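Printed here is model_22.cif (mmCIF, C-alpha atoms):
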```cif
data_start
#
loop_
_atom_site.group_PDB
_atom_site.id
_atom_site.type_symbol
_atom_site.label_atom_id
_atom_site.label_comp_id
_atom_site.auth_asym_id
_atom_site.auth_seq_id
_atom_site.Cartn_x
_atom_site.Cartn_y
_atom_site.Cartn_z
ATOM 1 C CA MET A 1 234.651 40.713 117.823
ATOM 2 C CA LEU A 2 231.661 43.055 117.622
ATOM 3 C CA ASP A 3 232.474 46.578 118.754
ATOM 4 C CA LEU A 4 229.292 47.345 120.729
ATOM 5 C CA ASP A 5 230.211 50.982 121.313
ATOM 6 C CA ARG A 6 230.789 51.494 117.588
ATOM 7 C CA VAL A 7 227.409 49.949 116.803
ATOM 8 C CA LEU A 8 225.524 52.107 119.301
ATOM 9 C CA MET A 9 227.292 55.246 118.130
ATOM 10 C CA ALA A 10 226.641 54.525 114.442
ATOM 11 C CA PRO A 11 224.462 56.983 112.490
ATOM 12 C CA TYR A 12 220.767 56.394 113.001
ATOM 13 C CA ARG A 13 218.968 55.515 109.769
ATOM 14 C CA SER A 14 215.185 55.473 109.650
ATOM 15 C CA LYS A 15 213.763 52.198 108.336
ATOM 16 C CA VAL A 16 211.670 53.423 105.421
ATOM 17 C CA HIS A 17 210.767 51.345 102.371
ATOM 18 C CA PRO A 18 212.208 52.823 99.125
ATOM 19 C CA ALA A 19 208.714 52.833 97.599
ATOM 20 C CA CYS A 20 207.483 55.084 100.418
ATOM 21 C CA ILE A 21 210.355 57.504 99.841
ATOM 22 C CA PHE A 22 209.563 57.567 96.121
ATOM 23 C CA LEU A 23 205.881 58.271 96.819
ATOM 24 C CA VAL A 24 206.720 61.107 99.218
ATOM 25 C CA VAL A 25 209.130 62.636 96.684
ATOM 26 C CA ILE A 26 206.555 62.496 93.873
ATOM 27 C CA THR A 27 203.837 64.002 96.096
ATOM 28 C CA ALA A 28 206.128 66.808 97.212
ATOM 29 C CA THR A 29 206.999 67.554 93.592
ATOM 30 C CA LEU A 30 203.339 67.871 92.634
ATOM 31 C CA LEU A 31 202.452 70.057 95.621
ATOM 32 C CA VAL A 32 205.272 72.546 96.019
ATOM 33 C CA GLN A 33 208.363 72.545 93.862
ATOM 34 C CA SER A 34 210.349 74.768 96.192
ATOM 35 C CA THR A 35 209.551 72.543 99.166
ATOM 36 C CA PHE A 36 210.645 69.551 97.116
ATOM 37 C CA GLY A 37 213.975 71.246 96.475
ATOM 38 C CA GLN A 38 214.482 71.875 100.188
ATOM 39 C CA ILE A 39 213.687 68.245 100.985
ATOM 40 C CA ILE A 40 216.205 67.053 98.399
ATOM 41 C CA ASP A 41 218.898 69.407 99.738
ATOM 42 C CA ALA A 42 218.225 68.406 103.344
ATOM 43 C CA THR A 43 218.264 64.690 102.503
ATOM 44 C CA ARG A 44 221.504 65.102 100.571
ATOM 45 C CA ALA A 45 223.099 66.989 103.484
ATOM 46 C CA LEU A 46 221.968 64.316 105.945
ATOM 47 C CA GLU A 47 223.384 61.464 103.869
ATOM 48 C CA GLU A 48 226.645 63.345 103.268
ATOM 49 C CA GLY A 49 226.862 63.962 107.013
ATOM 50 C CA ASN A 50 226.384 60.254 107.694
ATOM 51 C CA GLY A 51 229.125 59.471 105.167
ATOM 52 C CA MET A 52 231.533 61.880 106.864
ATOM 53 C CA TYR A 53 230.640 60.401 110.255
ATOM 54 C CA LEU A 54 231.462 56.864 109.129
ATOM 55 C CA GLN A 55 234.820 58.142 107.866
ATOM 56 C CA GLY A 56 235.569 59.654 111.271
ATOM 57 C CA ALA A 57 235.321 63.236 110.004
ATOM 58 C CA TYR A 58 233.024 64.396 112.780
ATOM 59 C CA HIS A 59 233.507 68.146 112.296
ATOM 60 C CA GLU A 60 232.560 67.812 108.623
ATOM 61 C CA ALA A 61 229.624 65.594 109.537
ATOM 62 C CA LEU A 62 228.291 68.291 111.867
ATOM 63 C CA GLU A 63 228.595 70.891 109.118
ATOM 64 C CA HIS A 64 226.378 68.776 106.868
ATOM 65 C CA TYR A 65 223.917 68.105 109.694
ATOM 66 C CA GLN A 66 223.705 71.845 110.405
ATOM 67 C CA GLU A 67 223.066 72.394 106.697
ATOM 68 C CA ALA A 68 220.125 69.979 106.871
ATOM 69 C CA LEU A 69 218.749 71.959 109.825
ATOM 70 C CA SER A 70 219.167 75.219 107.896
ATOM 71 C CA HIS A 71 216.810 73.833 105.222
ATOM 72 C CA GLY A 72 214.089 73.510 107.861
ATOM 73 C CA TYR A 73 214.515 69.762 108.184
ATOM 74 C CA THR A 74 214.582 68.091 111.583
ATOM 75 C CA SER A 75 214.087 64.537 112.758
ATOM 76 C CA GLY A 76 214.969 62.277 115.648
ATOM 77 C CA ALA A 77 217.572 60.535 113.479
ATOM 78 C CA LEU A 78 219.284 63.816 112.576
ATOM 79 C CA LEU A 79 219.418 65.054 116.185
ATOM 80 C CA PHE A 80 220.597 61.644 117.405
ATOM 81 C CA ASN A 81 223.412 61.640 114.849
ATOM 82 C CA MET A 82 224.462 65.135 115.912
ATOM 83 C CA GLY A 83 224.652 63.946 119.516
ATOM 84 C CA ASN A 84 226.851 61.032 118.411
ATOM 85 C CA ALA A 85 229.179 63.338 116.478
ATOM 86 C CA TYR A 86 229.578 65.725 119.427
ATOM 87 C CA TYR A 87 230.293 62.766 121.706
ATOM 88 C CA ARG A 88 233.060 61.591 119.365
ATOM 89 C CA LEU A 89 234.535 65.109 119.601
ATOM 90 C CA ASP A 90 234.439 64.891 123.436
ATOM 91 C CA GLU A 91 231.900 67.722 123.597
ATOM 92 C CA ARG A 92 229.684 66.004 126.135
ATOM 93 C CA GLY A 93 227.520 69.030 126.855
ATOM 94 C CA GLN A 94 226.499 69.342 123.215
ATOM 95 C CA ALA A 95 226.020 65.560 122.996
ATOM 96 C CA ILE A 96 223.589 65.603 125.926
ATOM 97 C CA ARG A 97 221.840 68.628 124.410
ATOM 98 C CA PHE A 98 221.079 66.938 121.105
ATOM 99 C CA TYR A 99 220.212 63.591 122.682
ATOM 100 C CA GLU A 100 217.657 65.448 124.806
ATOM 101 C CA LYS A 101 216.358 67.228 121.710
ATOM 102 C CA ALA A 102 215.895 63.838 120.037
ATOM 103 C CA ARG A 103 213.966 62.285 122.954
ATOM 104 C CA PRO A 104 210.554 63.823 122.128
ATOM 105 C CA LEU A 105 210.883 62.458 118.581
ATOM 106 C CA LEU A 106 212.447 59.043 119.275
ATOM 107 C CA GLY A 107 210.912 58.339 122.683
ATOM 108 C CA ASP A 108 212.537 55.451 124.559
ATOM 109 C CA GLU A 109 214.534 54.238 121.573
ATOM 110 C CA PRO A 110 217.108 51.857 123.163
ATOM 111 C CA ARG A 111 220.146 53.293 121.383
ATOM 112 C CA LEU A 112 219.238 56.823 122.411
ATOM 113 C CA ILE A 113 218.653 55.878 126.053
ATOM 114 C CA HIS A 114 221.936 53.937 126.144
ATOM 115 C CA ASN A 115 224.007 56.732 124.602
ATOM 116 C CA LEU A 116 222.442 59.410 126.794
ATOM 117 C CA GLY A 117 223.095 57.366 129.928
ATOM 118 C CA LEU A 118 226.671 56.712 128.785
ATOM 119 C CA VAL A 119 227.427 60.408 128.342
ATOM 120 C CA GLN A 120 225.706 61.426 131.573
ATOM 121 C CA SER A 121 227.765 58.857 133.492
ATOM 122 C CA GLN A 122 230.896 60.657 132.275
ATOM 123 C CA VAL A 123 229.770 64.063 133.540
ATOM 124 C CA SER A 124 231.684 64.859 136.718
ATOM 125 C CA SER A 125 229.552 67.178 138.789
ATOM 126 C CA PRO A 126 229.232 67.500 142.588
ATOM 127 C CA ILE A 127 225.728 68.947 142.152
ATOM 128 C CA ALA A 128 223.130 66.495 143.406
ATOM 129 C CA SER A 129 219.612 66.495 142.014
ATOM 130 C CA ARG A 130 216.866 67.696 144.322
ATOM 131 C CA PRO A 131 214.322 64.912 144.966
ATOM 132 C CA GLU A 132 210.997 65.570 143.273
ATOM 133 C CA PRO A 133 207.750 65.446 145.251
ATOM 134 C CA ILE A 134 205.621 62.363 144.617
ATOM 135 C CA TRP A 135 202.889 64.383 142.901
ATOM 136 C CA GLN A 136 205.445 65.899 140.520
ATOM 137 C CA GLN A 137 206.852 62.456 139.665
ATOM 138 C CA TRP A 138 203.313 61.252 138.936
ATOM 139 C CA TRP A 139 202.614 64.307 136.777
ATOM 140 C CA ARG A 140 205.767 63.887 134.724
ATOM 141 C CA ALA A 141 205.078 60.176 134.298
ATOM 142 C CA THR A 142 201.585 61.009 133.052
ATOM 143 C CA LEU A 143 202.953 63.506 130.523
ATOM 144 C CA GLY A 144 205.519 60.950 129.437
ATOM 145 C CA MET A 145 202.779 58.463 128.534
ATOM 146 C CA ARG A 146 200.570 60.851 126.561
ATOM 147 C CA ASN A 147 201.147 64.211 124.983
ATOM 148 C CA PRO A 148 198.639 67.058 125.494
ATOM 149 C CA TRP A 149 196.837 66.232 122.232
ATOM 150 C CA GLY A 150 196.408 62.612 123.308
ATOM 151 C CA ILE A 151 194.880 63.681 126.619
ATOM 152 C CA PHE A 152 192.643 66.170 124.815
ATOM 153 C CA ALA A 153 191.485 63.480 122.357
ATOM 154 C CA ALA A 154 190.570 61.130 125.223
ATOM 155 C CA ALA A 155 188.635 63.949 126.917
ATOM 156 C CA ALA A 156 186.780 64.713 123.665
ATOM 157 C CA VAL A 157 185.772 61.046 123.274
ATOM 158 C CA LEU A 158 184.411 60.910 126.833
ATOM 159 C CA TYR A 159 182.550 64.176 126.269
ATOM 160 C CA VAL A 160 180.919 62.792 123.113
ATOM 161 C CA ILE A 161 179.904 59.657 125.051
ATOM 162 C CA ALA A 162 178.346 61.790 127.792
ATOM 163 C CA PHE A 163 176.508 63.899 125.205
ATOM 164 C CA GLY A 164 175.280 60.736 123.458
ATOM 165 C CA LEU A 165 173.930 59.326 126.715
ATOM 166 C CA PHE A 166 172.193 62.628 127.422
ATOM 167 C CA ALA A 167 170.681 62.657 123.913
ATOM 168 C CA HIS A 168 169.495 59.070 124.443
ATOM 169 C CA ARG A 169 167.790 60.153 127.681
ATOM 170 C CA MET A 170 166.046 63.065 125.952
ATOM 171 C CA TRP A 171 164.975 60.927 122.979
ATOM 172 C CA THR A 172 163.587 57.944 124.871
ATOM 173 C CA ARG A 173 162.234 59.876 127.879
ATOM 174 C CA LYS A 174 163.206 56.889 130.011
ATOM 175 C CA ARG A 175 165.054 57.069 133.286
ATOM 176 C CA ASN A 176 167.812 54.556 133.930
ATOM 177 C CA SER A 177 170.064 54.781 136.985
ATOM 178 C CA TRP A 178 172.960 52.994 135.284
ATOM 179 C CA LEU A 179 172.880 55.271 132.253
ATOM 180 C CA ARG A 180 172.646 58.305 134.507
ATOM 181 C CA ARG A 181 175.740 57.206 136.438
ATOM 182 C CA ALA A 182 177.610 56.460 133.229
ATOM 183 C CA ARG A 183 176.681 59.894 131.877
ATOM 184 C CA ALA A 184 177.855 61.644 135.024
ATOM 185 C CA ALA A 185 181.079 59.624 135.183
ATOM 186 C CA SER A 186 181.892 60.285 131.508
ATOM 187 C CA LEU A 187 181.284 64.005 131.871
ATOM 188 C CA ALA A 188 183.356 64.245 135.064
ATOM 189 C CA ALA A 189 186.244 62.283 133.538
ATOM 190 C CA ALA A 190 186.122 64.454 130.406
ATOM 191 C CA LEU A 191 186.351 67.630 132.478
ATOM 192 C CA VAL A 192 189.313 66.264 134.460
ATOM 193 C CA LEU A 193 191.143 65.275 131.278
ATOM 194 C CA PHE A 194 190.453 68.679 129.691
ATOM 195 C CA VAL A 195 192.111 70.312 132.706
ATOM 196 C CA CYS A 196 195.055 67.875 132.469
ATOM 197 C CA ALA A 197 195.454 68.582 128.748
ATOM 198 C CA TYR A 198 195.552 72.318 129.406
ATOM 199 C CA GLY A 199 198.075 71.828 132.207
ATOM 200 C CA ALA A 200 200.227 69.586 130.014
ATOM 201 C CA SER A 201 200.305 72.113 127.185
ATOM 202 C CA ALA A 202 201.103 74.971 129.594
ATOM 203 C CA ASP A 203 203.841 72.916 131.243
ATOM 204 C CA ALA A 204 205.397 72.079 127.873
ATOM 205 C CA ALA A 205 205.348 75.749 126.866
ATOM 206 C CA THR A 206 206.997 77.032 130.067
ATOM 207 C CA ASP A 207 209.346 74.147 130.920
ATOM 208 C CA LEU A 208 212.519 75.522 129.300
ATOM 209 C CA SER A 209 215.876 73.935 129.983
ATOM 210 C CA ALA A 210 219.467 74.176 128.817
ATOM 211 C CA VAL A 211 222.722 72.283 129.252
ATOM 212 C CA VAL A 212 226.165 73.637 130.073
ATOM 213 C CA ILE A 213 228.194 73.240 126.860
ATOM 214 C CA SER A 214 231.431 74.946 127.935
ATOM 215 C CA PRO A 215 234.063 73.043 129.991
ATOM 216 C CA SER A 216 232.774 74.891 133.037
ATOM 217 C CA ALA A 217 230.535 77.861 133.818
ATOM 218 C CA GLY A 218 230.592 80.283 136.724
ATOM 219 C CA LEU A 219 227.301 80.757 138.582
ATOM 220 C CA THR A 220 226.679 84.212 140.067
ATOM 221 C CA GLU A 221 223.966 85.443 142.393
ATOM 222 C CA THR A 222 223.440 88.564 140.253
ATOM 223 C CA PRO A 223 224.183 89.129 136.551
ATOM 224 C CA ASP A 224 227.386 91.087 137.280
ATOM 225 C CA GLY A 225 228.244 89.514 140.627
ATOM 226 C CA PRO A 226 231.227 87.347 141.583
ATOM 227 C CA VAL A 227 231.278 83.624 140.837
ATOM 228 C CA VAL A 228 229.942 81.615 143.769
ATOM 229 C CA LEU A 229 229.843 78.160 142.167
ATOM 230 C CA VAL A 230 231.439 76.433 139.181
ATOM 231 C CA VAL A 231 229.013 74.313 137.142
ATOM 232 C CA ALA A 232 230.510 71.453 135.121
ATOM 233 C CA GLU A 233 229.878 70.710 131.455
ATOM 234 C CA GLY A 234 226.821 68.564 130.809
ATOM 235 C CA VAL A 235 224.729 69.743 133.768
ATOM 236 C CA ILE A 236 221.120 70.409 132.747
ATOM 237 C CA VAL A 237 219.563 73.557 134.236
ATOM 238 C CA GLU A 238 216.092 75.071 134.190
ATOM 239 C CA ILE A 239 215.725 78.468 132.518
ATOM 240 C CA LEU A 240 213.898 81.008 134.685
ATOM 241 C CA GLY A 241 214.537 84.262 132.834
ATOM 242 C CA ARG A 242 216.923 86.291 130.688
ATOM 243 C CA ASP A 243 219.116 89.275 131.422
ATOM 244 C CA GLU A 244 221.406 89.230 128.393
ATOM 245 C CA PRO A 245 224.175 88.319 128.164
ATOM 246 C CA HIS A 246 223.183 86.236 131.198
ATOM 247 C CA ILE A 247 220.415 83.706 131.794
ATOM 248 C CA GLU A 248 218.756 83.130 135.150
ATOM 249 C CA VAL A 249 218.719 79.420 135.921
ATOM 250 C CA ARG A 250 217.860 76.879 138.581
ATOM 251 C CA LEU A 251 220.364 74.079 139.157
ATOM 252 C CA PRO A 252 219.269 70.455 139.736
ATOM 253 C CA ASN A 253 219.743 70.970 143.500
ATOM 254 C CA GLY A 254 217.374 73.960 143.500
ATOM 255 C CA VAL A 255 220.001 76.731 143.698
ATOM 256 C CA HIS A 256 219.175 79.896 141.721
ATOM 257 C CA GLY A 257 221.700 82.055 139.910
ATOM 258 C CA PHE A 258 222.948 83.430 136.616
ATOM 259 C CA LEU A 259 225.092 81.805 133.925
ATOM 260 C CA SER A 260 226.521 83.411 130.801
ATOM 261 C CA GLN A 261 224.403 82.839 127.711
ATOM 262 C CA GLU A 262 227.365 81.578 125.672
ATOM 263 C CA SER A 263 228.020 78.777 128.180
ATOM 264 C CA LEU A 264 224.573 77.266 127.669
ATOM 265 C CA GLY A 265 222.875 75.399 124.862
ATOM 266 C CA GLU A 266 219.091 75.417 124.986
ATOM 267 C CA ILE A 267 217.352 72.056 124.674
#
```
When written as C-alpha coordinates, how does the structure in this file appear?
Amino acid sequence: MLDLDRVLMAPYRSKVHPACIFLVVITATLLVQSTFGQIIDATRALEEGNGMYLQGAYHEALEHYQEALSHGYTSGALLFNMGNAYYRLDERGQAIRFYEKARPLLGDEPRLIHNLGLVQSQVSSPIASRPEPIWQQWWRATLGMRNPWGIFAAAAVLYVIAFGLFAHRMWTRKRNSWLRRARAASLAAALVLFVCAYGASADAATDLSAVVISPSAGLTETPDGPVVLVVAEGVIVEILGRDEPHIEVRLPNGVHGFLSQESLGEI
(Lines of atoms letter the chains of each structure in order from A and count residues from 1; the text may use other names and numbers.)
(Lines give C-alpha, C1' and ligand atoms only; values in the text may rest on other atoms or scores of the structure.)
Protein backbone atom coordinates (compact mmCIF):
# COMPACT_ATOMS: atom_id res chain seq x y z
CA MET A 1 0.00 0.00 0.00
CA LEU A 2 1.25 3.49 -0.85
CA ASP A 3 2.36 5.44 2.20
CA LEU A 4 0.91 8.87 1.31
CA ASP A 5 2.55 10.62 4.26
CA ARG A 6 5.95 9.23 3.27
CA VAL A 7 5.46 10.43 -0.30
CA LEU A 8 4.47 13.96 0.73
CA MET A 9 7.34 14.19 3.20
CA ALA A 10 9.92 12.94 0.68
CA PRO A 11 12.74 15.32 -0.33
CA TYR A 12 11.70 17.78 -2.99
CA ARG A 13 13.72 17.42 -6.19
CA SER A 14 13.50 20.06 -8.89
CA LYS A 15 12.63 18.63 -12.31
CA VAL A 16 15.56 19.86 -14.39
CA HIS A 17 16.83 18.19 -17.55
CA PRO A 18 20.45 16.93 -17.18
CA ALA A 19 21.44 18.91 -20.29
CA CYS A 20 20.28 22.13 -18.61
CA ILE A 21 22.34 21.35 -15.51
CA PHE A 22 25.38 20.66 -17.70
CA LEU A 23 24.91 23.97 -19.55
CA VAL A 24 24.60 25.92 -16.29
CA VAL A 25 27.73 24.25 -14.90
CA ILE A 26 29.77 25.03 -18.03
CA THR A 27 28.57 28.66 -18.07
CA ALA A 28 29.41 29.11 -14.40
CA THR A 29 32.87 27.69 -15.00
CA LEU A 30 33.56 30.16 -17.80
CA LEU A 31 32.25 33.16 -15.84
CA VAL A 32 33.54 32.79 -12.31
CA GLN A 33 35.56 29.83 -11.13
CA SER A 34 35.05 30.57 -7.45
CA THR A 35 31.29 30.82 -7.92
CA PHE A 36 31.38 27.51 -9.77
CA GLY A 37 33.12 25.93 -6.79
CA GLN A 38 30.46 27.24 -4.41
CA ILE A 39 27.70 25.88 -6.65
CA ILE A 40 29.35 22.46 -6.73
CA ASP A 41 29.78 22.42 -2.94
CA ALA A 42 26.20 23.55 -2.35
CA THR A 43 24.81 20.97 -4.79
CA ARG A 44 26.88 18.24 -3.17
CA ALA A 45 25.67 19.25 0.30
CA LEU A 46 22.05 19.29 -0.88
CA GLU A 47 22.27 15.82 -2.43
CA GLU A 48 24.08 14.43 0.62
CA GLY A 49 21.36 15.94 2.80
CA ASN A 50 18.67 14.27 0.69
CA GLY A 51 20.53 10.96 1.02
CA MET A 52 20.67 11.28 4.81
CA TYR A 53 16.98 12.20 4.88
CA LEU A 54 15.99 9.07 2.96
CA GLN A 55 18.01 7.01 5.44
CA GLY A 56 16.11 8.57 8.34
CA ALA A 57 19.15 10.48 9.61
CA TYR A 58 17.33 13.79 9.92
CA HIS A 59 19.88 15.56 12.14
CA GLU A 60 22.64 14.76 9.65
CA ALA A 61 20.41 15.83 6.77
CA LEU A 62 19.90 19.23 8.41
CA GLU A 63 23.65 19.64 8.85
CA HIS A 64 24.14 19.16 5.11
CA TYR A 65 21.25 21.49 4.29
CA GLN A 66 22.75 24.16 6.56
CA GLU A 67 26.06 23.67 4.76
CA ALA A 68 24.33 24.36 1.44
CA LEU A 69 22.90 27.57 2.93
CA SER A 70 26.35 28.58 4.18
CA HIS A 71 27.59 28.50 0.56
CA GLY A 72 25.02 31.17 -0.32
CA TYR A 73 22.69 28.70 -1.99
CA THR A 74 18.95 28.81 -1.35
CA SER A 75 15.95 27.42 -3.16
CA GLY A 76 12.37 26.42 -2.52
CA ALA A 77 13.38 22.75 -2.67
CA LEU A 78 16.10 23.20 -0.04
CA LEU A 79 13.83 25.10 2.37
CA PHE A 80 11.01 22.61 1.82
CA ASN A 81 13.33 19.71 2.62
CA MET A 82 14.50 21.45 5.79
CA GLY A 83 10.88 21.84 6.88
CA ASN A 84 10.32 18.12 6.27
CA ALA A 85 13.39 17.18 8.31
CA TYR A 86 12.34 19.37 11.26
CA TYR A 87 8.85 17.85 11.11
CA ARG A 88 10.34 14.34 11.32
CA LEU A 89 12.23 15.51 14.43
CA ASP A 90 8.95 16.77 15.97
CA GLU A 91 10.21 20.36 15.87
CA ARG A 92 6.98 21.78 14.50
CA GLY A 93 7.92 25.41 15.02
CA GLN A 94 11.01 25.07 12.86
CA ALA A 95 9.03 23.05 10.30
CA ILE A 96 6.45 25.83 9.95
CA ARG A 97 9.26 28.39 9.76
CA PHE A 98 10.97 26.76 6.79
CA TYR A 99 7.72 25.90 5.02
CA GLU A 100 6.82 29.59 5.24
CA LYS A 101 10.27 30.53 3.95
CA ALA A 102 9.70 28.22 0.97
CA ARG A 103 6.28 29.67 0.07
CA PRO A 104 7.56 32.76 -1.81
CA LEU A 105 9.74 30.46 -3.94
CA LEU A 106 7.37 27.51 -4.46
CA GLY A 107 4.05 29.36 -4.39
CA ASP A 108 1.00 27.10 -4.04
CA GLU A 109 2.94 23.90 -4.68
CA PRO A 110 0.49 21.16 -3.52
CA ARG A 111 3.00 19.24 -1.40
CA LEU A 112 4.07 22.39 0.42
CA ILE A 113 0.49 23.50 1.11
CA HIS A 114 -0.42 20.00 2.34
CA ASN A 115 2.59 19.68 4.66
CA LEU A 116 2.16 23.19 6.06
CA GLY A 117 -1.51 22.57 6.78
CA LEU A 118 -0.66 19.21 8.38
CA VAL A 119 1.84 20.76 10.78
CA GLN A 120 -0.38 23.73 11.61
CA SER A 121 -3.25 21.36 12.46
CA GLN A 122 -0.99 19.79 15.10
CA VAL A 123 -0.21 23.10 16.80
CA SER A 124 -2.23 23.32 20.00
CA SER A 125 -2.79 26.97 20.76
CA PRO A 126 -5.77 28.71 22.42
CA ILE A 127 -4.87 31.94 20.61
CA ALA A 128 -7.48 32.75 17.99
CA SER A 129 -6.61 34.78 14.92
CA ARG A 130 -8.05 38.27 14.73
CA PRO A 131 -10.35 38.63 11.68
CA GLU A 132 -8.84 40.82 8.99
CA PRO A 133 -10.79 43.75 7.55
CA ILE A 134 -12.17 43.18 4.05
CA TRP A 135 -9.84 45.77 2.52
CA GLN A 136 -6.82 44.04 4.08
CA GLN A 137 -7.94 40.65 2.74
CA TRP A 138 -8.30 42.19 -0.73
CA TRP A 139 -4.86 43.80 -0.46
CA ARG A 140 -3.16 40.58 0.57
CA ALA A 141 -4.94 38.67 -2.19
CA THR A 142 -3.72 41.25 -4.71
CA LEU A 143 -0.13 40.91 -3.49
CA GLY A 144 -0.47 37.14 -3.63
CA MET A 145 -1.34 37.28 -7.34
CA ARG A 146 1.45 39.63 -8.42
CA ASN A 147 4.69 40.71 -6.84
CA PRO A 148 5.67 44.41 -6.75
CA TRP A 149 7.75 44.07 -9.93
CA GLY A 150 4.80 42.55 -11.78
CA ILE A 151 2.55 45.44 -10.75
CA PHE A 152 5.26 47.92 -11.72
CA ALA A 153 5.68 46.27 -15.14
CA ALA A 154 1.93 46.49 -15.80
CA ALA A 155 1.97 50.17 -14.80
CA ALA A 156 4.93 50.84 -17.12
CA VAL A 157 3.11 49.20 -20.06
CA LEU A 158 0.00 51.32 -19.48
CA TYR A 159 2.16 54.44 -19.19
CA VAL A 160 3.85 53.67 -22.52
CA ILE A 161 0.41 53.17 -24.12
CA ALA A 162 -0.77 56.52 -22.77
CA PHE A 163 2.40 58.22 -24.02
CA GLY A 164 1.97 56.58 -27.44
CA LEU A 165 -1.61 57.82 -27.70
CA PHE A 166 -0.47 61.31 -26.74
CA ALA A 167 2.31 61.19 -29.35
CA HIS A 168 -0.23 60.05 -31.95
CA ARG A 169 -2.42 63.04 -31.07
CA MET A 170 0.50 65.46 -31.42
CA TRP A 171 1.66 63.90 -34.70
CA THR A 172 -1.68 63.74 -36.49
CA ARG A 173 -3.18 66.92 -34.99
CA LYS A 174 -6.53 65.15 -35.04
CA ARG A 175 -8.99 65.07 -32.18
CA ASN A 176 -10.71 61.79 -31.39
CA SER A 177 -12.93 61.38 -28.33
CA TRP A 178 -12.30 57.63 -28.08
CA LEU A 179 -8.53 58.02 -28.22
CA ARG A 180 -8.70 60.81 -25.67
CA ARG A 181 -10.67 58.60 -23.27
CA ALA A 182 -8.30 55.70 -23.83
CA ARG A 183 -5.33 57.98 -23.15
CA ALA A 184 -6.85 59.29 -19.94
CA ALA A 185 -7.86 55.81 -18.77
CA SER A 186 -4.40 54.36 -19.48
CA LEU A 187 -2.65 57.18 -17.65
CA ALA A 188 -4.99 56.95 -14.64
CA ALA A 189 -4.61 53.16 -14.42
CA ALA A 190 -0.82 53.48 -14.70
CA LEU A 191 -0.72 55.96 -11.82
CA VAL A 192 -2.89 53.70 -9.64
CA LEU A 193 -0.68 50.69 -10.36
CA PHE A 194 2.48 52.70 -9.64
CA VAL A 195 1.05 53.55 -6.21
CA CYS A 196 0.10 49.88 -5.64
CA ALA A 197 3.60 48.74 -6.64
CA TYR A 198 5.16 51.16 -4.18
CA GLY A 199 2.78 50.03 -1.44
CA ALA A 200 3.49 46.37 -2.19
CA SER A 201 7.25 46.87 -1.99
CA ALA A 202 6.93 48.87 1.25
CA ASP A 203 4.63 46.23 2.74
CA ALA A 204 7.06 43.44 1.83
CA ALA A 205 9.95 45.36 3.41
CA THR A 206 8.16 46.07 6.72
CA ASP A 207 6.02 42.93 7.11
CA LEU A 208 8.38 40.93 9.36
CA SER A 209 7.18 37.80 11.10
CA ALA A 210 8.56 34.98 13.21
CA VAL A 211 7.39 31.65 14.60
CA VAL A 212 7.75 30.29 18.12
CA ILE A 213 10.33 27.49 17.86
CA SER A 214 10.66 26.58 21.55
CA PRO A 215 8.10 24.25 23.23
CA SER A 216 6.53 27.35 24.74
CA ALA A 217 7.38 31.03 25.21
CA GLY A 218 6.35 33.46 27.92
CA LEU A 219 4.83 36.75 26.73
CA THR A 220 5.50 39.80 28.91
CA GLU A 221 4.06 43.30 28.76
CA THR A 222 7.54 44.83 29.19
CA PRO A 223 10.96 43.36 28.36
CA ASP A 224 11.71 42.51 32.01
CA GLY A 225 8.14 42.10 33.23
CA PRO A 226 6.37 38.98 34.51
CA VAL A 227 4.89 36.42 32.12
CA VAL A 228 1.25 37.18 31.38
CA LEU A 229 0.62 34.59 28.65
CA VAL A 230 2.23 31.37 27.45
CA VAL A 231 2.53 31.11 23.65
CA ALA A 232 2.70 27.61 22.18
CA GLU A 233 5.26 26.34 19.67
CA GLY A 234 4.34 27.00 16.05
CA VAL A 235 2.40 30.24 16.59
CA ILE A 236 3.34 32.87 14.00
CA VAL A 237 3.76 36.41 15.36
CA GLU A 238 4.38 39.80 13.78
CA ILE A 239 7.63 41.54 14.68
CA LEU A 240 7.13 45.14 15.82
CA GLY A 241 10.53 46.02 17.26
CA ARG A 242 13.63 44.80 19.09
CA ASP A 243 14.87 45.30 22.62
CA GLU A 244 17.52 42.58 22.82
CA PRO A 245 17.41 39.97 24.13
CA HIS A 246 13.67 40.46 23.64
CA ILE A 247 11.54 41.11 20.56
CA GLU A 248 8.32 43.11 20.59
CA VAL A 249 5.60 41.16 18.83
CA ARG A 250 1.91 41.15 18.00
CA LEU A 251 0.06 37.86 18.42
CA PRO A 252 -2.54 36.64 15.89
CA ASN A 253 -5.31 37.92 18.20
CA GLY A 254 -3.82 41.43 18.23
CA VAL A 255 -2.22 41.30 21.70
CA HIS A 256 1.13 43.13 22.02
CA GLY A 257 4.03 42.00 24.17
CA PHE A 258 7.61 40.80 24.33
CA LEU A 259 9.08 37.35 23.70
CA SER A 260 12.67 36.22 24.19
CA GLN A 261 14.73 36.32 21.01
CA GLU A 262 15.93 32.73 21.44
CA SER A 263 12.34 31.43 21.45
CA LEU A 264 11.64 32.80 17.97
CA GLY A 265 12.77 31.91 14.48
CA GLU A 266 12.38 34.67 11.92
CA ILE A 267 10.62 33.77 8.69
Starting from the PyMOL selection byres ((chain A and resi 80) around 7), expand the selection into actual residues of this file and give them as a count of residues only. 12
If the PyMOL selection byres ((chain A and resi 162) around 12) were run on this exact file, what residues would it hold? Put them as a PyMOL selection string. chain A and resi 155-161+163-169+179-191
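Proximity to Tyr86 (chain A) was assessed for A:Leu112, A:Val119, A:Cys196, A:Leu264 counting only C-alpha atoms; the smallest distance is recorded for A:Val119.
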Tell me, as a ChimeraX atom specification, which residues lie within 8 Å of Gly265 (chain A), counting only C-alpha atoms; anything in the same chain fewer than 5 positions away does not count. /A:94,97,210-213
Which value, in Å to one decimal, gives the distance between CA of Ala197 (chain A) and CA of Gly107 (chain A)? 19.5 Å
For Tyr58 (chain A): contacts at 10 Å, all atoms listed in the file, fewer than 4 positions along chain excluded, given as an mmCIF file with C-alpha atoms, keeping the file's coordinate frame:
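After the write, around33.cif holds the following:
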```cif
data_model
loop_
_atom_site.group_PDB
_atom_site.id
_atom_site.type_symbol
_atom_site.label_atom_id
_atom_site.label_comp_id
_atom_site.auth_asym_id
_atom_site.auth_seq_id
_atom_site.Cartn_x
_atom_site.Cartn_y
_atom_site.Cartn_z
ATOM 1 C CA GLY A 49 226.862 63.962 107.013
ATOM 2 C CA ASN A 50 226.384 60.254 107.694
ATOM 3 C CA GLY A 51 229.125 59.471 105.167
ATOM 4 C CA MET A 52 231.533 61.880 106.864
ATOM 5 C CA TYR A 53 230.640 60.401 110.255
ATOM 6 C CA LEU A 54 231.462 56.864 109.129
ATOM 7 C CA LEU A 62 228.291 68.291 111.867
ATOM 8 C CA GLU A 63 228.595 70.891 109.118
ATOM 9 C CA HIS A 64 226.378 68.776 106.868
ATOM 10 C CA MET A 82 224.462 65.135 115.912
ATOM 11 C CA ASN A 84 226.851 61.032 118.411
ATOM 12 C CA ALA A 85 229.179 63.338 116.478
ATOM 13 C CA TYR A 86 229.578 65.725 119.427
ATOM 14 C CA TYR A 87 230.293 62.766 121.706
ATOM 15 C CA ARG A 88 233.060 61.591 119.365
ATOM 16 C CA LEU A 89 234.535 65.109 119.601
#
```
